[in-house]
Amino acid sequence: MPPSPGRSGGNQPGRRNRRRRRRLRTVDETSAGGLVVDAAAELAAIIGRVDRKGRLLWSLPKGHIEPGETPAQTAVREVTEETGIIGRVVTAIGTIDYWFVAGNRRIHKTVHHFLLDAVGGELSDEDVEVTEVAWVPLRELDEVLAYADERRLVRRALSERGDGSAERFGARPTRSTGTEPG
């Protein structure tokens, strides 16, 4: 029996038509930043960036660690660069890591976060990477911050202060099922 005209030169039966996948280079990046708080006013300085879909997403300021810098030094520098506020590190509040793709790279990003007291400066959005900056009441951070992992860090940081600020500022206890994203 002659071969069917629809099969000549086509895929063999039982085999999937696979596209060649482009191999992405994996890169590790490390950043630092944090939650800078004006305790007297019960406010935190946060930044807004526009995502690829045009949405303004609010987050904690952060950026790449420069050669010779400690994560704490980077947090102070990045908070100042991105918000205009000068901060003093109080304590480390946690590390977040996540993956994303940019160009032809698969990036594994680790971000060290610190709690900082605002000690000077003036709110400013002069950094070209930042669309907006704002002082936000601490009790509203849980609703304003775009990323679940940052919201968890903020709740934990306020709870660990041990001065009743978690309750005053609307932070709820963190309950993890181990299944939520972020």
# chains A, B, ... in the order shown; residues from 1 in each chain; ligands from 1
$ residues_around --residues "Gly103 of chain A" --least-positions-apart "5" --cutoff "12 Å" --atoms "only C-alpha atoms" --output "MDAnalysis selection string"
chainID A and resid 22:27
$ write_last_selection --atoms "all heavy atoms" --output "PDB file, in the first residue's frame"
ATOM      1  N   ARG A  22      14.639  27.491  23.553  1.00  0.00           N
ATOM      2  CA  ARG A  22      15.832  28.300  23.744  1.00  0.00           C
ATOM      3  C   ARG A  22      16.337  28.078  25.165  1.00  0.00           C
ATOM      4  O   ARG A  22      15.587  28.154  26.123  1.00  0.00           O
ATOM      5  CB  ARG A  22      15.460  29.772  23.524  1.00  0.00           C
ATOM      6  CG  ARG A  22      16.575  30.723  23.633  1.00  0.00           C
ATOM      7  CD  ARG A  22      16.102  32.081  23.259  1.00  0.00           C
ATOM      8  NE  ARG A  22      14.969  32.465  24.103  1.00  0.00           N
ATOM      9  CZ  ARG A  22      14.676  33.688  24.449  1.00  0.00           C
ATOM     10  NH1 ARG A  22      15.399  34.675  24.010  1.00  0.00           N
ATOM     11  NH2 ARG A  22      13.649  33.953  25.219  1.00  0.00           N
ATOM     12  N   ARG A  23      17.574  27.778  25.308  1.00  0.00           N
ATOM     13  CA  ARG A  23      18.181  27.532  26.615  1.00  0.00           C
ATOM     14  C   ARG A  23      18.509  28.867  27.262  1.00  0.00           C
ATOM     15  O   ARG A  23      19.217  29.684  26.684  1.00  0.00           O
ATOM     16  CB  ARG A  23      19.459  26.719  26.428  1.00  0.00           C
ATOM     17  CG  ARG A  23      19.974  26.168  27.687  1.00  0.00           C
ATOM     18  CD  ARG A  23      19.574  24.716  27.744  1.00  0.00           C
ATOM     19  NE  ARG A  23      20.214  24.113  28.891  1.00  0.00           N
ATOM     20  CZ  ARG A  23      19.592  23.306  29.694  1.00  0.00           C
ATOM     21  NH1 ARG A  23      18.351  22.992  29.469  1.00  0.00           N
ATOM     22  NH2 ARG A  23      20.216  22.780  30.709  1.00  0.00           N
ATOM     23  N   LEU A  24      17.945  29.096  28.458  1.00  0.00           N
ATOM     24  CA  LEU A  24      18.196  30.342  29.176  1.00  0.00           C
ATOM     25  C   LEU A  24      19.386  30.179  30.104  1.00  0.00           C
ATOM     26  O   LEU A  24      19.539  29.156  30.774  1.00  0.00           O
ATOM     27  CB  LEU A  24      16.968  30.739  30.003  1.00  0.00           C
ATOM     28  CG  LEU A  24      15.697  31.026  29.215  1.00  0.00           C
ATOM     29  CD1 LEU A  24      14.563  31.352  30.179  1.00  0.00           C
ATOM     30  CD2 LEU A  24      15.907  32.168  28.252  1.00  0.00           C
ATOM     31  N   ARG A  25      20.192  31.210  30.169  1.00  0.00           N
ATOM     32  CA  ARG A  25      21.330  31.231  31.078  1.00  0.00           C
ATOM     33  C   ARG A  25      20.810  31.636  32.454  1.00  0.00           C
ATOM     34  O   ARG A  25      20.064  32.606  32.588  1.00  0.00           O
ATOM     35  CB  ARG A  25      22.352  32.252  30.573  1.00  0.00           C
ATOM     36  CG  ARG A  25      23.606  32.338  31.394  1.00  0.00           C
ATOM     37  CD  ARG A  25      24.641  33.205  30.693  1.00  0.00           C
ATOM     38  NE  ARG A  25      24.119  34.498  30.317  1.00  0.00           N
ATOM     39  CZ  ARG A  25      24.444  35.642  30.919  1.00  0.00           C
ATOM     40  NH1 ARG A  25      25.283  35.658  31.900  1.00  0.00           N
ATOM     41  NH2 ARG A  25      23.930  36.782  30.503  1.00  0.00           N
ATOM     42  N   THR A  26      21.178  30.888  33.502  1.00  0.00           N
ATOM     43  CA  THR A  26      20.746  31.189  34.862  1.00  0.00           C
ATOM     44  C   THR A  26      21.756  32.118  35.523  1.00  0.00           C
ATOM     45  O   THR A  26      22.961  31.893  35.451  1.00  0.00           O
ATOM     46  CB  THR A  26      20.593  29.900  35.693  1.00  0.00           C
ATOM     47  OG1 THR A  26      19.592  29.089  35.071  1.00  0.00           O
ATOM     48  CG2 THR A  26      20.174  30.205  37.114  1.00  0.00           C
ATOM     49  N   VAL A  27      21.237  33.165  36.166  1.00  0.00           N
ATOM     50  CA  VAL A  27      22.065  34.171  36.812  1.00  0.00           C
ATOM     51  C   VAL A  27      21.553  34.373  38.230  1.00  0.00           C
ATOM     52  O   VAL A  27      20.341  34.452  38.452  1.00  0.00           O
ATOM     53  CB  VAL A  27      21.983  35.513  36.038  1.00  0.00           C
ATOM     54  CG1 VAL A  27      22.774  36.598  36.728  1.00  0.00           C
ATOM     55  CG2 VAL A  27      22.434  35.334  34.606  1.00  0.00           C
TER      56      VAL A  27
END
$ residues_around --residues "Gly87 of chain A" --least-positions-apart "3" --cutoff "10 Å" --atoms "only C-alpha atoms" --output "list in words"
Gly34, Leu35, Val36, Val37, Asp38, Ala75, Val76, Arg77, Glu78, Val79, Thr80, Gly84, Val90, Leu115, Leu116, Asp117, Ala118, Val119, Gly120 and Gly121 of chain A
$ write_last_selection --atoms "C-alpha atoms" --output "compact mmCIF listing (two decimals), in the first residue's frame"
# COMPACT_ATOMS: atom_id res chain seq x y z
CA GLY A 34 13.88 47.48 53.51
CA LEU A 35 11.09 48.98 55.47
CA VAL A 36 11.94 52.57 56.39
CA VAL A 37 9.68 53.89 59.13
CA ASP A 38 8.94 57.32 60.57
CA ALA A 75 19.74 48.94 52.25
CA VAL A 76 20.61 52.41 53.56
CA ARG A 77 21.91 53.56 50.15
CA GLU A 78 18.99 52.15 48.16
CA VAL A 79 16.36 53.56 50.52
CA THR A 80 17.98 56.99 50.15
CA GLY A 84 15.03 60.44 49.35
CA VAL A 90 17.56 48.81 63.27
CA LEU A 115 13.95 47.62 59.29
CA LEU A 116 15.23 51.21 59.16
CA ASP A 117 14.35 54.26 61.20
CA ALA A 118 13.92 57.43 59.12
CA VAL A 119 16.50 59.91 60.42
CA GLY A 120 16.44 62.59 57.72
CA GLY A 121 15.94 63.45 54.09
$ select_by_dssp --residues "segment 62-107 of chain A" --states "strand (DSSP E)" --output "list in words"
Lys62, Gly63, His64, Ile85, Ile86, Gly87, Arg88, Val89, Val90, Thr91, Ala92, Ile93, Gly94, Thr95, Ile96, Asp97, Tyr98, Trp99, Phe100, Val101, Ala102, Arg105, Arg106 and Ile107 of chain A
$ closest_residue --among "A:Glu81, A:Thr131, A:Arg155, A:Arg105" --to "Gly54 of chain A" --atoms "only C-alpha atoms"
A:Thr131
$ residues_around --residues "Arg151 of chain A" --least-positions-apart "2" --cutoff "10 Å" --atoms "only C-alpha atoms" --output "MDAnalysis selection string"
chainID A and resid 59:60 141:149 153:157 171 174 182
$ closest_residue --among "A:Gly63, A:Ala72, A:His108, A:Gly33" --to "Glu150 of chain A" --atoms "only C-alpha atoms"
A:Gly33
$ closest_residue --among "A:Glu69, A:Arg152, A:Glu122, A:Ala39" --to "Ala134 of chain A" --atoms "only C-alpha atoms"
A:Glu122
$ atom_distance --atom1 "atom CA of Leu43 of chain A" --atom2 "atom CA of Pro137 of chain A"
4.4 Å
$ closest_residue --among "A:Glu82, A:Glu160, A:Glu29, A:Asp97" --to "Val133 of chain A" --atoms "only C-alpha atoms"
A:Glu82
$ atom_distance --atom1 "atom CA of Val101 of chain A" --atom2 "atom CA of Gln73 of chain A"
27.4 Å
$ atom_distance --atom1 "atom CA of Ile65 of chain A" --atom2 "atom CA of Thr83 of chain A"
17.1 Å
$ closest_residue --among "A:Leu158, A:Ile107, A:Ile86, A:Val128" --to "Ala45 of chain A" --atoms "only C-alpha atoms"
A:Ile86
